[in-house]
$ cat structure32.cif   # mmCIF, C-alpha atoms
data_data
loop_
_atom_site.label_atom_id
_atom_site.label_comp_id
_atom_site.auth_asym_id
_atom_site.auth_seq_id
_atom_site.Cartn_x
_atom_site.Cartn_y
_atom_site.Cartn_z
CA MET A 1 -1.13 2.46 -32.26
CA LYS A 2 -0.35 -1.24 -32.20
CA THR A 3 2.88 -2.60 -33.56
CA SER A 4 3.08 -5.48 -35.98
CA SER A 5 5.47 -8.37 -35.38
CA ASN A 6 8.23 -6.91 -37.56
CA GLN A 7 8.14 -3.49 -35.95
CA THR A 8 9.69 -2.27 -32.75
CA GLN A 9 8.21 0.51 -30.70
CA SER A 10 10.35 3.41 -29.68
CA CYS A 11 9.66 6.36 -27.44
CA PRO A 12 8.79 9.58 -29.30
CA THR A 13 11.30 12.39 -28.97
CA ASN A 14 10.87 16.04 -28.07
CA TYR A 15 7.11 16.07 -27.72
CA TYR A 16 6.89 16.00 -23.91
CA PRO A 17 8.90 18.48 -21.79
CA ASN A 18 12.29 17.21 -20.63
CA SER A 19 12.24 19.68 -17.77
CA PHE A 20 9.74 21.96 -16.11
CA ASP A 21 9.97 24.79 -13.59
CA PRO A 22 7.00 24.73 -11.19
CA GLU A 23 5.29 27.88 -10.02
CA PRO A 24 7.00 29.53 -7.04
CA HIS A 25 5.17 28.75 -3.81
CA ASP A 26 5.77 27.47 -0.30
CA PRO A 27 4.83 23.78 -0.43
CA PRO A 28 3.22 22.28 2.69
CA GLU A 29 5.07 19.77 4.82
CA CYS A 30 4.45 16.16 3.85
CA PRO A 31 2.37 13.91 6.14
CA ASP A 32 4.12 12.22 9.04
CA TYR A 33 4.37 8.82 7.34
CA PHE A 34 6.92 10.28 4.91
CA ARG A 35 9.43 10.11 7.77
CA GLN A 36 9.45 6.34 7.27
CA ILE A 37 11.51 6.95 4.13
CA TYR A 38 14.51 7.62 6.35
CA GLU A 39 13.79 4.49 8.40
CA ASP A 40 13.59 2.29 5.29
CA LEU A 41 16.87 3.67 3.92
CA LYS A 42 18.70 3.64 7.27
CA PRO A 43 20.57 0.34 6.57
CA TRP A 44 22.65 2.19 3.93
CA ASN A 45 23.16 5.51 5.75
CA VAL A 46 26.76 4.74 6.69
CA THR A 47 27.97 2.62 3.79
CA GLY A 48 25.97 4.10 0.94
CA ILE A 49 24.87 1.84 -1.92
CA VAL A 50 27.45 0.41 -4.32
CA ARG A 51 26.73 -1.33 -7.61
CA ASP A 52 27.46 -4.80 -6.18
CA MET A 53 24.71 -4.35 -3.58
CA VAL A 54 22.17 -3.54 -6.28
CA GLU A 55 23.34 -6.46 -8.43
CA ARG A 56 22.83 -8.87 -5.52
CA ALA A 57 19.18 -7.80 -5.26
CA LYS A 58 18.68 -9.34 -8.72
CA THR A 59 18.23 -12.78 -7.10
CA THR A 60 14.49 -12.27 -6.55
CA ALA A 61 13.81 -9.09 -8.56
CA HIS A 62 11.27 -9.04 -11.39
CA PHE A 63 12.77 -6.00 -13.06
CA ARG A 64 15.54 -3.43 -12.85
CA LEU A 65 14.73 0.24 -13.39
CA VAL A 66 17.43 2.72 -14.31
CA ILE A 67 16.81 6.44 -14.76
CA VAL A 68 19.49 8.25 -16.76
CA GLY A 69 19.01 11.81 -17.96
CA GLY A 70 15.33 11.79 -17.04
CA LYS A 71 14.57 8.69 -19.14
CA ALA A 72 13.56 5.27 -17.82
CA TYR A 73 15.20 2.01 -18.88
CA VAL A 74 13.99 -1.40 -17.75
CA VAL A 75 15.52 -4.87 -17.71
CA ARG A 76 12.94 -7.59 -17.07
CA TYR A 77 14.13 -10.73 -15.32
CA LYS A 78 10.89 -12.68 -14.93
CA LYS A 79 7.14 -12.20 -15.17
CA SER A 80 5.28 -11.16 -12.06
CA ILE A 81 1.91 -12.33 -10.83
CA GLN A 82 -0.72 -10.87 -13.18
CA THR A 83 0.17 -7.30 -14.22
CA ARG A 84 1.88 -6.15 -11.04
CA ASP A 85 5.15 -5.41 -12.82
CA LEU A 86 3.40 -3.71 -15.73
CA PHE A 87 1.44 -1.25 -13.59
CA THR A 88 4.35 -0.62 -11.22
CA ILE A 89 6.51 0.42 -14.17
CA TRP A 90 3.57 2.45 -15.48
CA GLY A 91 3.33 4.28 -12.16
CA LEU A 92 7.04 5.11 -12.23
CA LEU A 93 6.68 6.49 -15.75
CA GLN A 94 3.80 8.71 -14.63
CA LEU A 95 6.05 10.08 -11.90
CA LEU A 96 8.59 11.06 -14.57
CA ARG A 97 5.84 12.78 -16.57
CA ARG A 98 4.62 14.61 -13.48
CA TYR A 99 8.09 15.90 -12.59
CA PRO A 100 10.17 15.92 -15.79
CA GLY A 101 13.85 16.56 -15.18
CA LYS A 102 13.38 16.53 -11.39
CA LEU A 103 14.40 12.94 -10.66
CA PRO A 104 18.12 12.16 -10.40
CA ASP A 105 19.86 9.28 -12.14
CA LEU A 106 19.26 6.09 -10.19
CA ASP A 107 19.42 2.31 -10.39
CA LEU A 108 17.06 -0.01 -8.49
CA MET A 109 15.74 -3.57 -8.35
CA PHE A 110 12.03 -4.30 -7.80
CA ASP A 111 10.46 -7.50 -6.48
CA CYS A 112 6.70 -7.69 -7.16
CA ASP A 113 5.98 -10.69 -4.91
CA ASP A 114 4.24 -10.33 -1.56
CA LEU A 115 6.72 -11.50 1.06
CA PRO A 116 9.73 -9.36 2.03
CA VAL A 117 12.98 -11.33 1.67
CA VAL A 118 15.98 -9.25 2.83
CA GLN A 119 16.42 -10.66 6.34
CA SER A 120 17.84 -8.24 8.92
CA ARG A 121 19.49 -11.07 10.87
CA ASP A 122 21.80 -11.79 7.93
CA TYR A 123 23.42 -8.34 8.22
CA ARG A 124 23.64 -7.72 11.96
CA ASN A 125 27.23 -8.94 12.25
CA ARG A 126 29.43 -6.87 9.95
CA ARG A 127 32.39 -9.18 10.59
CA GLN A 128 30.51 -12.18 9.21
CA ASN A 129 28.78 -10.27 6.42
CA ALA A 130 30.65 -7.12 5.43
CA THR A 131 28.88 -6.67 2.09
CA GLY A 132 25.79 -4.89 3.41
CA PRO A 133 22.16 -5.69 2.52
CA PRO A 134 20.95 -5.53 -1.09
CA PRO A 135 18.50 -2.61 -1.58
CA LEU A 136 15.34 -4.23 -2.90
CA PHE A 137 12.06 -2.41 -3.54
CA ARG A 138 8.71 -4.10 -2.95
CA TYR A 139 5.17 -3.41 -1.72
CA CYS A 140 5.45 -4.32 1.98
CA GLY A 141 7.85 -5.01 4.80
CA ASP A 142 7.94 -6.35 8.35
CA ARG A 143 10.08 -5.85 11.44
CA ARG A 144 12.43 -8.70 10.52
CA THR A 145 13.30 -7.50 7.01
CA MET A 146 14.97 -4.57 5.25
CA ASP A 147 13.08 -4.39 1.95
CA ILE A 148 12.34 -0.82 0.79
CA VAL A 149 8.59 -0.23 0.77
CA PHE A 150 7.00 1.37 -2.32
CA PRO A 151 3.38 2.10 -3.36
CA ASP A 152 1.74 -0.98 -4.86
CA TRP A 153 0.64 -1.42 -8.46
CA SER A 154 -3.10 -1.08 -7.75
CA PHE A 155 -2.80 2.69 -7.29
CA TRP A 156 -2.86 2.71 -11.12
CA GLY A 157 -5.52 0.01 -11.32
CA TRP A 158 -5.86 -3.74 -10.88
CA ALA A 159 -7.03 -4.82 -14.28
CA GLU A 160 -7.59 -8.52 -13.53
CA ILE A 161 -10.29 -7.84 -10.94
CA ASN A 162 -11.62 -4.55 -12.30
CA ILE A 163 -10.39 -2.26 -9.51
CA LYS A 164 -10.00 1.22 -10.95
CA PRO A 165 -7.03 3.54 -10.37
CA TRP A 166 -6.91 4.99 -6.84
CA ASP A 167 -7.85 8.51 -7.89
CA SER A 168 -11.13 7.24 -9.36
CA ILE A 169 -12.03 4.66 -6.73
CA LEU A 170 -11.34 7.11 -3.90
CA LYS A 171 -13.92 9.52 -5.35
CA GLU A 172 -16.44 6.71 -5.80
CA ILE A 173 -15.94 5.47 -2.24
CA LYS A 174 -16.44 9.03 -0.94
CA GLU A 175 -19.70 9.28 -2.89
CA GLY A 176 -20.77 5.88 -1.55
CA ASN A 177 -19.98 6.97 2.00
CA SER A 178 -22.25 9.98 1.65
CA ARG A 179 -25.13 7.76 0.48
CA THR A 180 -25.17 5.62 3.63
CA LYS A 181 -24.46 7.37 6.93
CA TRP A 182 -22.71 5.41 9.66
CA LEU A 183 -25.75 5.13 11.94
CA ASP A 184 -27.87 3.82 9.07
CA ARG A 185 -25.45 1.02 8.24
CA GLU A 186 -25.73 -2.63 9.27
CA PRO A 187 -24.45 -2.86 12.88
CA TYR A 188 -22.09 -5.75 12.11
CA ALA A 189 -18.55 -6.41 10.92
CA TYR A 190 -18.26 -7.11 7.19
CA TRP A 191 -15.57 -9.00 5.31
CA LYS A 192 -15.47 -10.27 1.75
CA GLY A 193 -12.43 -11.98 0.32
CA ASN A 194 -10.56 -15.16 -0.49
CA PRO A 195 -9.99 -17.18 2.71
CA PHE A 196 -7.88 -19.84 1.02
CA VAL A 197 -4.69 -17.78 0.61
CA ALA A 198 -3.69 -17.96 4.28
CA LYS A 199 -4.43 -19.90 7.46
CA THR A 200 -5.24 -16.71 9.38
CA ARG A 201 -8.10 -16.05 6.96
CA GLN A 202 -9.35 -19.63 7.24
CA ASP A 203 -9.43 -19.12 11.01
CA LEU A 204 -11.72 -16.13 10.44
CA ILE A 205 -14.49 -18.08 8.68
CA PRO A 206 -15.85 -19.80 11.85
CA CYS A 207 -16.65 -16.28 13.12
CA ASN A 208 -19.46 -16.03 10.57
CA VAL A 209 -23.05 -16.00 11.76
CA SER A 210 -24.56 -19.49 12.07
CA ASP A 211 -27.46 -21.30 13.76
CA HIS A 212 -25.27 -21.73 16.84
CA HIS A 213 -23.32 -18.46 17.11
CA ASP A 214 -23.55 -14.81 16.17
CA TRP A 215 -20.14 -13.21 16.60
CA ASN A 216 -21.42 -9.92 15.08
CA ALA A 217 -19.61 -10.77 11.83
CA ARG A 218 -20.99 -11.10 8.31
CA LEU A 219 -18.41 -12.86 6.14
CA TYR A 220 -18.57 -13.63 2.42
CA ILE A 221 -16.23 -15.73 0.29
CA GLN A 222 -15.11 -13.97 -2.89
CA ASP A 223 -14.81 -16.26 -5.91
CA TRP A 224 -12.91 -14.07 -8.38
CA ILE A 225 -13.34 -16.49 -11.30
CA GLN A 226 -17.11 -16.55 -10.88
CA GLU A 227 -17.11 -12.79 -10.28
CA GLY A 228 -15.15 -12.19 -13.48
CA ASN A 229 -17.56 -14.35 -15.47
CA GLY A 230 -20.40 -12.23 -14.09
CA GLY A 231 -18.77 -8.96 -15.10
CA PHE A 232 -17.63 -7.99 -11.58
CA LYS A 233 -21.13 -6.74 -10.74
CA GLN A 234 -20.91 -7.83 -7.08
CA SER A 235 -17.40 -6.56 -6.34
CA ASN A 236 -17.69 -2.79 -6.74
CA LEU A 237 -15.72 -1.48 -3.77
CA ALA A 238 -17.71 1.75 -3.64
CA ASN A 239 -20.86 -0.30 -2.94
CA GLN A 240 -19.34 -2.26 -0.05
CA CYS A 241 -19.42 0.51 2.56
CA THR A 242 -22.76 -0.61 4.00
CA HIS A 243 -21.71 -1.89 7.44
CA ARG A 244 -20.56 0.05 10.49
CA TYR A 245 -17.47 -2.16 10.75
CA LYS A 246 -15.17 -3.69 8.17
CA ILE A 247 -12.57 -6.35 8.88
CA TYR A 248 -9.05 -6.09 7.53
CA ILE A 249 -7.06 -9.30 7.66
CA GLU A 250 -3.79 -10.06 5.91
CA GLY A 251 -3.49 -12.71 3.25
CA TYR A 252 -0.26 -14.29 2.10
CA ALA A 253 1.35 -11.06 3.38
CA TRP A 254 -0.06 -7.52 3.49
CA SER A 255 -3.25 -7.10 1.46
CA VAL A 256 -4.12 -4.47 -1.15
CA SER A 257 -7.62 -4.38 0.36
CA GLU A 258 -6.38 -2.35 3.33
CA LYS A 259 -6.60 1.09 1.71
CA TYR A 260 -10.11 0.50 0.38
CA ILE A 261 -11.34 -0.68 3.78
CA LEU A 262 -9.81 2.28 5.63
CA ALA A 263 -11.46 4.71 3.17
CA CYS A 264 -14.93 3.31 3.79
CA ASP A 265 -16.12 5.48 6.71
CA SER A 266 -16.59 2.25 8.66
CA VAL A 267 -14.61 1.32 11.76
CA THR A 268 -11.74 -0.81 10.47
CA LEU A 269 -11.35 -3.90 12.65
CA MET A 270 -7.71 -4.68 12.00
CA VAL A 271 -6.72 -8.24 12.82
CA LYS A 272 -3.19 -7.90 14.21
CA PRO A 273 -1.02 -7.22 11.14
CA HIS A 274 2.49 -8.59 10.71
CA TYR A 275 3.33 -6.53 7.61
CA TYR A 276 3.19 -2.85 6.71
CA ASP A 277 2.97 -0.88 3.50
CA PHE A 278 4.35 2.61 2.96
CA PHE A 279 1.63 4.58 4.77
CA THR A 280 0.14 2.37 7.49
CA ARG A 281 2.96 2.74 10.02
CA SER A 282 1.64 6.18 10.98
CA LEU A 283 -1.85 4.89 11.83
CA GLN A 284 -2.75 4.68 15.52
CA PRO A 285 -5.07 2.10 17.12
CA VAL A 286 -8.32 3.49 18.57
CA GLN A 287 -7.67 6.65 16.55
CA HIS A 288 -7.69 5.26 12.99
CA TYR A 289 -8.71 1.61 13.54
CA TRP A 290 -9.72 -0.92 16.17
CA PRO A 291 -7.17 -3.67 16.92
CA VAL A 292 -8.38 -7.29 16.81
CA ASN A 293 -6.61 -10.16 18.57
CA ASP A 294 -5.39 -12.64 15.94
CA ASN A 295 -5.36 -15.51 18.46
CA ASP A 296 -9.04 -15.21 19.37
CA LYS A 297 -10.64 -13.51 16.39
CA CYS A 298 -14.30 -14.34 17.00
CA LYS A 299 -14.46 -13.06 20.57
CA SER A 300 -12.36 -10.04 19.67
CA ILE A 301 -14.63 -9.10 16.76
CA TYR A 302 -17.74 -9.61 18.87
CA PHE A 303 -16.41 -7.27 21.55
CA ALA A 304 -15.29 -4.64 19.02
CA VAL A 305 -18.75 -4.46 17.46
CA ASP A 306 -20.47 -4.50 20.84
CA TRP A 307 -18.21 -1.69 22.10
CA GLY A 308 -18.80 0.40 18.98
CA ASN A 309 -22.56 -0.02 19.10
CA ARG A 310 -22.52 1.07 22.77
CA HIS A 311 -20.14 3.99 22.09
CA LYS A 312 -21.50 5.19 18.77
CA GLN A 313 -19.96 8.67 18.85
CA LYS A 314 -16.47 7.33 19.59
CA ALA A 315 -16.82 4.61 16.97
CA GLN A 316 -17.89 7.14 14.34
CA ALA A 317 -14.87 9.28 15.21
CA ILE A 318 -12.53 6.32 14.55
CA ALA A 319 -14.24 5.63 11.23
CA LYS A 320 -14.07 9.29 10.20
CA ALA A 321 -10.41 9.69 11.21
CA ALA A 322 -9.42 6.80 8.94
CA SER A 323 -11.46 7.90 5.93
CA GLU A 324 -10.24 11.50 6.24
CA PHE A 325 -6.65 10.27 6.43
CA MET A 326 -7.17 8.35 3.19
CA GLN A 327 -8.93 11.22 1.42
CA LYS A 328 -6.50 13.94 2.53
CA GLU A 329 -3.13 12.31 3.22
CA LEU A 330 -3.23 9.41 0.77
CA LYS A 331 -4.82 11.07 -2.23
CA MET A 332 -2.96 10.27 -5.43
CA GLU A 333 -1.06 13.53 -5.26
CA TYR A 334 0.60 12.35 -2.04
CA VAL A 335 1.37 8.91 -3.47
CA TYR A 336 3.42 10.67 -6.15
CA TYR A 337 5.02 12.91 -3.53
CA TYR A 338 6.08 9.83 -1.57
CA MET A 339 7.55 8.17 -4.65
CA PHE A 340 9.38 11.38 -5.55
CA HIS A 341 10.99 11.80 -2.14
CA LEU A 342 11.80 8.11 -1.68
CA LEU A 343 13.60 7.91 -5.03
CA ASN A 344 15.45 11.18 -4.43
CA GLU A 345 16.65 10.05 -1.00
CA TYR A 346 17.58 6.63 -2.42
CA ALA A 347 19.58 8.22 -5.24
CA LYS A 348 21.57 10.28 -2.72
CA LEU A 349 22.93 7.01 -1.28
CA LEU A 350 24.28 5.68 -4.59
CA LYS A 351 28.09 5.61 -4.63
CA TYR A 352 28.34 5.09 -8.39
CA LYS A 353 27.04 6.72 -11.55
CA PRO A 354 24.05 4.77 -12.91
CA GLU A 355 24.47 3.53 -16.47
CA ILE A 356 22.05 1.97 -18.92
CA PRO A 357 22.57 -1.78 -18.37
CA GLU A 358 22.96 -4.33 -21.13
CA GLY A 359 19.59 -5.57 -22.36
CA ALA A 360 17.69 -2.56 -21.02
CA VAL A 361 14.78 -1.14 -23.01
CA GLU A 362 13.76 2.51 -22.87
CA MET A 363 10.25 2.75 -21.47
CA CYS A 364 7.68 5.50 -21.84
CA SER A 365 3.92 5.79 -21.54
CA GLU A 366 3.42 5.45 -25.29
CA THR A 367 5.28 2.14 -25.63
CA MET A 368 3.22 0.73 -22.77
CA ALA A 369 -0.26 2.10 -23.47
CA CYS A 370 -0.37 1.74 -27.26
CA PRO A 371 -0.04 -2.07 -27.40
CA ALA A 372 -2.23 -2.57 -24.31
CA GLU A 373 -5.78 -3.76 -24.74
CA GLY A 374 -9.02 -3.96 -22.81
CA ARG A 375 -9.05 -2.99 -19.17
CA GLU A 376 -5.26 -2.60 -19.03
CA ARG A 377 -5.36 0.13 -21.64
CA GLU A 378 -8.45 1.70 -20.08
CA PHE A 379 -6.75 2.02 -16.69
CA MET A 380 -3.53 3.30 -18.22
CA MET A 381 -5.36 6.04 -20.06
CA GLU A 382 -7.38 6.86 -16.95
CA SER A 383 -4.24 7.23 -14.80
CA LEU A 384 -2.08 8.91 -17.45
CA VAL A 385 -0.35 12.09 -16.23
CA LYS A 386 -1.19 14.51 -19.02
CA SER A 387 1.13 17.39 -18.14
CA PRO A 388 3.84 18.37 -15.64
CA HIS A 389 2.62 19.31 -12.18
CA VAL A 390 2.54 23.08 -11.75
CA THR A 391 3.69 23.06 -8.11
CA SER A 392 6.56 21.38 -6.28
CA PRO A 393 6.02 18.31 -4.07
CA CYS A 394 5.38 18.74 -0.37
CA THR A 395 8.43 19.33 1.83
CA LEU A 396 9.93 16.19 3.33
CA PRO A 397 9.88 16.44 7.14
CA PRO A 398 13.09 15.66 9.06
CA PRO A 399 13.80 12.12 10.31
CA TYR A 400 12.30 10.94 13.57
CA GLU A 401 14.34 11.69 16.63
CA ARG A 402 14.97 8.46 18.48
CA LYS A 403 12.89 9.59 21.48
CA MET A 404 10.01 10.67 19.24
CA LEU A 405 9.93 7.35 17.40
CA GLY A 406 10.08 5.43 20.67
CA ALA A 407 7.20 7.48 22.10
CA PHE A 408 5.17 6.89 18.94
CA TYR A 409 5.51 3.10 19.18
CA ARG A 410 4.86 3.10 22.94
CA ARG A 411 1.64 5.02 22.34
CA LYS A 412 0.59 2.45 19.76
CA LEU A 413 1.42 -0.47 22.05
CA ASN A 414 -0.36 1.12 25.02
CA ALA A 415 -3.53 1.66 22.97
CA ILE A 416 -3.54 -2.00 21.93
CA LYS A 417 -2.99 -3.12 25.54
CA GLN A 418 -5.88 -0.90 26.66
CA VAL A 419 -8.23 -2.56 24.17
CA GLU A 420 -7.03 -6.00 25.28
CA LYS A 421 -7.76 -5.02 28.90
CA TRP A 422 -11.27 -3.83 28.03
CA GLU A 423 -11.89 -7.01 26.07
CA LYS A 424 -10.65 -9.25 28.90
CA GLU A 425 -12.85 -7.44 31.43
CA PHE A 426 -15.85 -7.70 29.09
CA TRP A 427 -15.60 -11.48 28.75
CA GLU A 428 -14.83 -12.01 32.43
CA SER A 429 -17.93 -10.03 33.37
CA ARG A 430 -20.03 -11.89 30.81
CA ASN A 431 -18.86 -15.29 32.00
CA LYS A 432 -19.41 -14.30 35.63
CA ASN A 433 -22.99 -13.22 34.91
CA ARG A 434 -23.67 -16.53 33.17
CA GLN A 435 -22.60 -18.41 36.30
CA LEU A 436 -24.96 -16.45 38.54
#

$ encode --input "structure32.cif" --output "structure tokens"
Amino acid sequence: MKTSSNQTQSCPTNYYPNSFDPEPHDPPECPDYFRQIYEDLKPWNVTGIVRDMVERAKTTAHFRLVIVGGKAYVVRYKKSIQTRDLFTIWGLLQLLRRYPGKLPDLDLMFDCDDLPVVQSRDYRNRRQNATGPPPLFRYCGDRRTMDIVFPDWSFWGWAEINIKPWDSILKEIKEGNSRTKWLDREPYAYWKGNPFVAKTRQDLIPCNVSDHHDWNARLYIQDWIQEGNGGFKQSNLANQCTHRYKIYIEGYAWSVSEKYILACDSVTLMVKPHYYDFFTRSLQPVQHYWPVNDNDKCKSIYFAVDWGNRHKQKAQAIAKAASEFMQKELKMEYVYYYMFHLLNEYAKLLKYKPEIPEGAVEMCSETMACPAEGREREFMMESLVKSPHVTSPCTLPPPYERKMLGAFYRRKLNAIKQVEKWEKEFWESRNKNRQL
């Protein structure tokens, strides 16, 4: 169905269930990273969220989503980069189809840009700023900001660069992993991407193999325009799990590439990240990835690869822990669980009754998929939730106790310091031997 210029699309009525009672069962407890929901919403625990707070988040938001009576209404403020806004809204609509009648009325603002913007420092002094921070949803956060982190659009597909919905690509990556065992892979660190989006990536390029140096890295520049003209034949993510090590490095902020790299059954060499998405805060260095020093990337990568090739069993265990985490704890089912619990906990904080705002348009899967064309429509149909989920979501674990959270971060910091110590000793020994 495609509408002509003098027609308006409307959502069909009474064909999809408005409510659904799942089968009785004892749902499992959600993975540990779900506890971060409480951390992200902590700024509003005491005050709650009033309408004025939400309105103030409009400054940078791309759209406003309101759920009233199980139906979604959207006000668009500006166009996002590519189809980020489109597929984020699509994902929210699939959540409503998966759990009809189970989401409460709510009102939120969503910013589809990369960088988090709600600065914590602006709200530390309640006397100077008594209004409280605006609750703003986006794809990543950092330790200096208070943006609420939500799954990114590419879980439902990234049409512009032909990356399929997460459910499909995860299966393909798993099949690719089984084709090339870790020991049979190239014993180097692989990275392919656009280095021109950030200085930290430009600093990575000198680590590539040359006539003068071999830092154990094999780096390739991704030209997406050329790749698109060639039909994306060289950018299939499932075919890029051919090296024992894969480098993850942030771009303008956090990078979508992270989840695909972690799923690859390679040791993820993670150049010190400054941003986090909704699931990565629960990952531990030397358990799920190998930390790389962002101030001395080439030497750090060289040591990481050398260590892994000398400790093959331990390196394989790191690679396997990450890929199993992605396959088991970040399968699409759990992405929906996270969305479900985050929105339910967010709605509990609202101090007002959400209403359909002026200029809002009711949104449903039909009004989005029917006019879509090409790869956008293909990915929408591929990720369409076809019926309500027969079981309830996993059970949200309780918030972190302060001691538990402190111990978790100390463990992470200690693991990074241990790697830094090993690396320092490695280069000191190497330099000493050269002098002999």

$ resolve_selection --input "structure32.cif" --expression "the PyMOL selection byres ((chain A and resi 65) around 7)" --output "count of residues only"
11

$ residues_around --input "structure32.cif" --residues "Glu29 of chain A" --least-positions-apart "4" --cutoff "9 Å" --atoms "all atoms listed in the file" --output "ChimeraX atom specification"
/A:394-397

$ resolve_selection --input "structure32.cif" --expression "the PyMOL selection byres ((chain A and resi 25) around 8)" --output "list in words"
Glu23, Pro24, Asp26, Pro27, Thr391 and Ser392 of chain A

$ residues_near_point --input "structure32.cif" --point "(-2.5, 2.3, 22.8)" --cutoff "12 Å" --atoms "only C-alpha atoms" --output "PyMOL selection string"
chain A and resi 283-291+407-422

$ atom_distance --input "structure32.cif" --atom1 "atom CA of Ala360 of chain A" --atom2 "atom CA of Ile49 of chain A"
20.9 Å

$ closest_residue --input "structure32.cif" --among "A:Ser383, A:Leu103, A:Pro135, A:Pro31" --to "Val117 of chain A" --atoms "all atoms listed in the file"
A:Pro135

$ resolve_selection --input "structure32.cif" --expression "the PyMOL selection byres ((chain A and resi 213-224) around 10)" --output "MDAnalysis selection string"
chainID A and resid 160:161 186:196 204:212 225:230 232 234:235 243 245:247 297:306

$ closest_residue --input "structure32.cif" --among "A:Pro354, A:Pro12, A:Gly374, A:Gly91" --to "Pro165 of chain A" --atoms "all atoms listed in the file"
A:Gly91

$ closest_residue --input "structure32.cif" --among "A:Val335, A:Val54, A:Leu93, A:Val46" --to "Pro393 of chain A" --atoms "all atoms listed in the file"
A:Val335

$ atom_distance --input "structure32.cif" --atom1 "atom CA of Cys364 of chain A" --atom2 "atom CA of Met332 of chain A"
20.1 Å

$ residues_around --input "structure32.cif" --residues "segment 34-43 of chain A" --least-positions-apart "2" --cutoff "10 Å" --atoms "only C-alpha atoms" --output "number ranges by chain"
A: 29-32, 45-49, 120, 123, 132-135, 141, 145-150, 278-279, 281-282, 334, 337-339, 341-343, 345-346, 349, 395-400

$ atom_distance --input "structure32.cif" --atom1 "atom CA of Leu136 of chain A" --atom2 "atom CA of Lys58 of chain A"
8.4 Å

$ closest_residue --input "structure32.cif" --among "A:Lys259, A:Arg76, A:Arg121, A:Lys351" --to "Met326 of chain A" --atoms "only C-alpha atoms"
A:Lys259

$ closest_residue --input "structure32.cif" --among "A:Lys320, A:Lys272, A:Asp114, A:Ser429" --to "Tyr252 of chain A" --atoms "only C-alpha atoms"
A:Asp114

$ residues_around --input "structure32.cif" --residues "Leu183 of chain A" --least-positions-apart "2" --cutoff "10 Å" --atoms "all atoms listed in the file" --output "tab-separated table (two decimals) with C-alpha atoms, in the coordinates of the input"
chain	number	residue	atom	x	y	z
A	180	THR	CA	-25.17	5.62	3.63
A	181	LYS	CA	-24.46	7.37	6.93
A	185	ARG	CA	-25.45	1.02	8.24
A	186	GLU	CA	-25.73	-2.63	9.27
A	187	PRO	CA	-24.45	-2.86	12.88
A	243	HIS	CA	-21.71	-1.89	7.44
A	244	ARG	CA	-20.56	0.05	10.49
A	309	ASN	CA	-22.56	-0.02	19.10
A	312	LYS	CA	-21.50	5.19	18.77
A	313	GLN	CA	-19.96	8.67	18.85
A	316	GLN	CA	-17.89	7.14	14.34

$ closest_residue --input "structure32.cif" --among "A:Glu362, A:Asp52, A:Asp296, A:Glu382" --to "Cys11 of chain A" --atoms "only C-alpha atoms"
A:Glu362

$ decode --input "structure32.cif" --residues "segment 41-51 of chain A" --atoms "N, CA and C atoms" --output "PDB file, in the first residue's frame"
ATOM      1  N   LEU A  41      18.144   6.300  35.586  1.00  0.00           N
ATOM      2  CA  LEU A  41      16.955   7.045  36.027  1.00  0.00           C
ATOM      3  C   LEU A  41      17.127   7.663  37.417  1.00  0.00           C
ATOM      4  N   LYS A  42      18.270   7.422  38.031  1.00  0.00           N
ATOM      5  CA  LYS A  42      18.508   7.903  39.400  1.00  0.00           C
ATOM      6  C   LYS A  42      18.356   9.421  39.559  1.00  0.00           C
ATOM      7  N   PRO A  43      18.729  10.251  38.559  1.00  0.00           N
ATOM      8  CA  PRO A  43      18.593  11.704  38.741  1.00  0.00           C
ATOM      9  C   PRO A  43      17.171  12.167  39.056  1.00  0.00           C
ATOM     10  N   TRP A  44      16.159  11.335  38.773  1.00  0.00           N
ATOM     11  CA  TRP A  44      14.765  11.739  38.983  1.00  0.00           C
ATOM     12  C   TRP A  44      14.087  10.940  40.100  1.00  0.00           C
ATOM     13  N   ASN A  45      14.876  10.130  40.821  1.00  0.00           N
ATOM     14  CA  ASN A  45      14.299   9.286  41.876  1.00  0.00           C
ATOM     15  C   ASN A  45      13.560  10.095  42.933  1.00  0.00           C
ATOM     16  N   VAL A  46      14.127  11.222  43.319  1.00  0.00           N
ATOM     17  CA  VAL A  46      13.558  12.016  44.408  1.00  0.00           C
ATOM     18  C   VAL A  46      12.467  12.945  43.902  1.00  0.00           C
ATOM     19  N   THR A  47      12.741  13.642  42.820  1.00  0.00           N
ATOM     20  CA  THR A  47      11.810  14.672  42.330  1.00  0.00           C
ATOM     21  C   THR A  47      10.701  14.119  41.463  1.00  0.00           C
ATOM     22  N   GLY A  48      10.940  12.956  40.827  1.00  0.00           N
ATOM     23  CA  GLY A  48      10.031  12.515  39.780  1.00  0.00           C
ATOM     24  C   GLY A  48      10.241  13.365  38.536  1.00  0.00           C
ATOM     25  N   ILE A  49       9.428  13.131  37.520  1.00  0.00           N
ATOM     26  CA  ILE A  49       9.538  13.859  36.251  1.00  0.00           C
ATOM     27  C   ILE A  49       8.244  14.616  36.005  1.00  0.00           C
ATOM     28  N   VAL A  50       8.341  15.936  35.910  1.00  0.00           N
ATOM     29  CA  VAL A  50       7.169  16.765  35.633  1.00  0.00           C
ATOM     30  C   VAL A  50       7.193  17.175  34.162  1.00  0.00           C
ATOM     31  N   ARG A  51       6.064  17.657  33.681  1.00  0.00           N
ATOM     32  CA  ARG A  51       5.922  17.972  32.257  1.00  0.00           C
ATOM     33  C   ARG A  51       6.964  18.996  31.791  1.00  0.00           C
TER      34      ARG A  51
END
